[in-house]
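Structure file model-v3.txt with compact mmCIF, C-alpha atoms:
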```
# COMPACT_ATOMS: atom_id res chain seq x y z
CA LEU A 1 119.76 79.78 122.81
CA ALA A 2 121.72 79.25 126.03
CA LEU A 3 118.88 80.74 128.07
CA LEU A 4 116.37 78.50 126.30
CA CYS A 5 118.45 75.38 127.05
CA ALA A 6 118.95 76.43 130.66
CA GLY A 7 115.24 77.07 131.06
CA ALA A 8 114.35 73.69 129.55
CA GLY A 9 116.89 71.97 131.78
CA GLY A 10 115.51 73.69 134.86
CA TYR A 11 111.97 72.76 133.88
CA TRP A 12 112.98 69.12 133.37
CA ARG A 13 114.81 68.95 136.68
CA TYR A 14 112.19 70.70 138.78
CA TYR A 15 108.94 69.45 137.29
CA LEU A 16 109.71 66.11 135.72
CA ARG A 17 112.26 64.70 138.15
CA GLY A 18 110.48 66.25 141.14
CA ALA A 19 107.24 64.60 140.10
CA ALA A 20 108.71 61.10 140.25
CA ALA A 21 106.39 58.13 140.52
CA PRO A 22 105.15 57.52 144.07
CA GLN A 23 106.98 54.87 146.06
CA PRO A 24 105.20 51.49 146.30
CA PRO A 25 103.47 50.99 149.64
CA THR A 26 105.32 49.22 152.43
CA GLU A 27 104.15 45.86 153.82
CA GLN A 28 102.79 47.70 156.89
CA GLU A 29 100.80 50.13 154.71
CA ILE A 30 99.33 47.25 152.70
CA ALA A 31 98.45 45.35 155.89
CA LYS A 32 96.65 48.40 157.31
CA LYS A 33 94.78 49.04 154.04
CA VAL A 34 93.44 45.45 153.83
CA GLU A 35 93.18 44.64 157.55
CA LEU A 36 89.42 44.07 157.54
CA LEU A 37 89.35 41.91 154.40
CA THR A 38 89.34 38.18 155.02
CA MET A 39 89.54 35.13 152.78
CA ARG A 40 87.08 32.26 152.74
CA ASN A 41 86.95 28.89 150.97
CA VAL A 42 90.50 29.14 149.60
CA ARG A 43 91.55 25.98 147.81
CA GLN A 44 94.03 24.78 145.24
CA TYR A 45 93.87 22.02 142.68
CA TYR A 46 95.29 20.90 139.35
CA VAL A 47 93.33 20.77 136.10
CA ASP A 48 94.44 19.04 132.90
CA ASN A 49 93.92 21.51 130.06
CA GLU A 50 93.81 20.18 126.49
CA LYS A 51 95.85 23.13 125.12
CA VAL A 52 98.39 24.03 127.81
CA GLY A 53 98.72 20.84 129.85
CA LYS A 54 98.56 21.03 133.63
CA VAL A 55 97.16 24.18 135.27
CA PHE A 56 97.57 24.93 138.99
CA VAL A 57 94.44 26.74 140.22
CA ILE A 58 94.04 28.80 143.40
CA GLU A 59 90.57 30.14 144.09
CA GLY A 60 88.48 31.50 146.92
CA LYS A 61 86.52 34.51 148.07
CA VAL A 62 87.50 37.77 149.76
CA VAL A 63 84.98 39.04 152.34
CA ASN A 64 84.65 42.76 153.10
CA GLU A 65 84.51 43.24 156.88
CA PHE A 66 84.97 47.02 156.61
CA PRO A 67 81.84 49.01 157.58
CA GLN A 68 81.97 50.87 154.25
CA PRO A 69 81.84 49.50 150.68
CA LYS A 70 85.11 48.57 148.96
CA GLU A 71 86.13 47.74 145.40
CA LEU A 72 88.94 46.58 143.13
CA ILE A 73 90.20 44.01 145.62
CA ALA A 74 93.43 42.39 144.40
CA VAL A 75 95.20 39.24 145.57
CA GLU A 76 98.71 37.93 145.08
CA ALA A 77 99.27 34.19 144.89
CA ALA A 78 102.53 32.30 144.94
CA ILE A 79 103.66 28.70 144.56
CA TYR A 80 106.67 27.48 146.55
CA ASP A 81 109.10 24.58 146.49
CA LYS A 82 109.86 22.37 149.51
CA ASP A 83 112.42 24.94 150.76
CA LYS A 84 109.73 27.66 150.69
CA LYS A 85 111.42 29.42 147.79
CA PRO A 86 108.89 31.08 145.45
CA LEU A 87 108.63 29.37 142.06
CA SER A 88 106.14 31.87 140.65
CA VAL A 89 104.10 34.84 141.93
CA LYS A 90 101.02 36.39 140.25
CA ARG A 91 98.78 39.31 141.10
CA GLN A 92 95.09 39.22 140.11
CA LEU A 93 92.07 41.49 140.55
CA GLY A 94 89.14 39.61 142.04
CA GLY A 95 85.75 39.30 140.40
CA ALA A 96 86.14 36.58 137.78
CA GLN A 97 86.27 32.79 137.97
CA LEU A 98 86.29 30.13 135.29
CA SER A 99 84.22 26.95 135.32
CA LEU A 100 85.93 23.56 135.37
CA PHE A 101 84.97 23.08 131.71
CA GLN A 102 86.56 26.42 130.75
CA LEU A 103 89.71 25.47 132.69
CA GLN A 104 89.89 22.24 130.68
CA VAL A 105 89.36 23.61 127.15
CA LEU A 106 90.34 27.29 126.84
CA SER A 107 93.80 28.44 125.79
CA GLU A 108 96.04 30.34 128.20
CA LYS A 109 95.29 33.58 126.36
CA GLU A 110 91.52 32.98 126.54
CA MET A 111 91.65 32.14 130.27
CA GLU A 112 93.73 35.24 131.07
CA ALA A 113 91.40 37.41 128.97
CA PHE A 114 88.39 36.10 130.92
CA LEU A 115 90.04 36.58 134.35
CA ASN A 116 90.99 40.16 133.37
CA ASN A 117 87.66 41.04 131.73
CA LYS A 118 86.84 44.56 132.96
CA VAL A 119 83.07 44.03 132.78
CA GLU A 120 83.25 40.84 134.86
CA ILE A 121 85.61 42.47 137.39
CA LEU A 122 83.52 45.63 137.73
CA THR A 123 80.30 43.62 138.02
CA ASN A 124 81.61 41.53 140.93
CA ASN A 125 84.33 43.75 142.45
CA SER A 126 82.66 47.18 142.73
CA ASN A 127 80.74 48.66 145.64
CA VAL A 128 81.19 45.49 147.73
CA PRO A 129 79.13 46.07 150.91
CA HIS A 130 80.04 45.05 154.46
CA GLY A 131 79.83 41.24 154.48
CA GLY A 132 79.93 41.06 150.67
CA GLU A 133 82.18 38.55 148.89
CA VAL A 134 84.39 38.85 145.81
CA PRO A 135 85.51 35.63 144.06
CA PHE A 136 89.09 35.30 142.87
CA MET A 137 91.04 32.81 140.78
CA VAL A 138 94.76 32.72 139.99
CA LEU A 139 96.19 30.30 137.42
CA PHE A 140 99.73 28.97 137.03
CA TYR A 141 100.32 27.29 133.66
CA ALA A 142 102.59 24.23 133.37
CA PRO A 143 103.76 24.57 136.98
CA PRO A 144 107.09 22.97 137.97
CA ALA A 145 106.86 19.44 139.35
CA ASP A 146 108.40 20.51 142.66
CA VAL A 147 105.48 22.68 143.84
CA ALA A 148 105.17 21.90 147.55
CA GLU A 149 102.79 24.58 148.79
CA PHE A 150 100.99 27.77 147.85
CA GLY A 151 100.16 31.06 149.48
CA VAL A 152 97.68 33.82 148.74
CA ARG A 153 97.30 37.25 150.30
CA ILE A 154 95.21 40.34 149.74
CA VAL A 155 97.42 43.13 148.40
CA ASP A 156 95.13 46.01 147.43
CA VAL A 157 91.66 47.50 147.81
CA GLN A 158 90.02 50.83 147.01
CA ASP A 159 87.26 52.73 148.78
CA ALA A 160 84.03 52.63 146.79
CA PRO A 161 82.78 56.11 145.82
CA ALA A 162 80.07 57.52 148.04
CA PRO A 163 76.53 57.13 146.66
CA GLY A 164 75.71 60.03 144.37
CA ALA A 165 79.37 60.93 143.83
CA ALA A 166 80.91 61.10 140.35
CA GLY A 167 78.67 58.89 138.30
CA GLY A 168 75.33 58.96 140.07
CA GLU A 169 73.45 56.44 142.09
CA LYS A 170 74.09 52.73 141.76
```
Here is the file; what I need is its structure written in the form of structure tokens.
Amino acid sequence: LALLCAGAGGYWRYYLRGAAAPQPPTEQEIAKKVELLTMRNVRQYYVDNEKVGKVFVIEGKVVNEFPQPKELIAVEAAIYDKDKKPLSVKRQLGGAQLSLFQLQVLSEKEMEAFLNNKVEILTNNSNVPHGGEVPFMVLFYAPPADVAEFGVRIVDVQDAPAPGAAGGEK
């Protein structure tokens, strides 16, 4: 029994603790990974929604300037007070945007479900060629009255699989 416990403890220590989750990338690693992605037509505005009240909207497009196709581009948006302290920060995969009508009538849950719809994201945020654009939209519900400014940055991207690799031609 002692040998069994010792063996299990050794297994746990060596395999499970040794295989810890990878460290999150540093700011420099993120910057290098997304260096040839640019943003275009970024704007912010408020919409009055009949279910949740005021919604702060940040939207725009990410342009792929890499020579090879990219996919699963993600942005991080933040709203700040007058002292540049973050009031709220949200991360969002690109690919989905809501219409003004949808922003005015859908519930928070419905809007989030649409912005995180895998089919919509994969349709617009897969195999993005050089010069291709991916729309993005980030929503802040019932934002504080002291929002003074916003910021948005690209925080992740993946290489698109080579044509013919794992899944066939596109």
What is the distance between CA of Glu76 (chain A) and CA of Lys32 (chain A), in Å to one decimal?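 The value is 16.2 Å.
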Exercise: Pro24 (chain A) partners within 12 Å, only C-alpha atoms, chain neighbours under 4 positions left out, as a ChimeraX atom specification: /A:20,28-30,155-156
Residues within 8 Å of Gln104 (chain A), please, as JSON, numbers by chain. Count all atoms listed in the file; anything in the same chain fewer than 2 positions from it doesn't count. {"A": [47, 48, 49, 50, 100, 101, 102, 106]}
Phe136 (chain A): which residues within 8 Å, counting all atoms listed in the file, same-chain residues fewer than 5 positions away excluded, as a count of residues only? 11
Of the listed residues A:Val63, A:Lys85, A:Val119, A:Pro129, that which approaches Arg40 (chain A) most closely, counting only C-alpha atoms: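 Counting only C-alpha atoms, the residue closest to Arg40 (chain A) is A:Val63.
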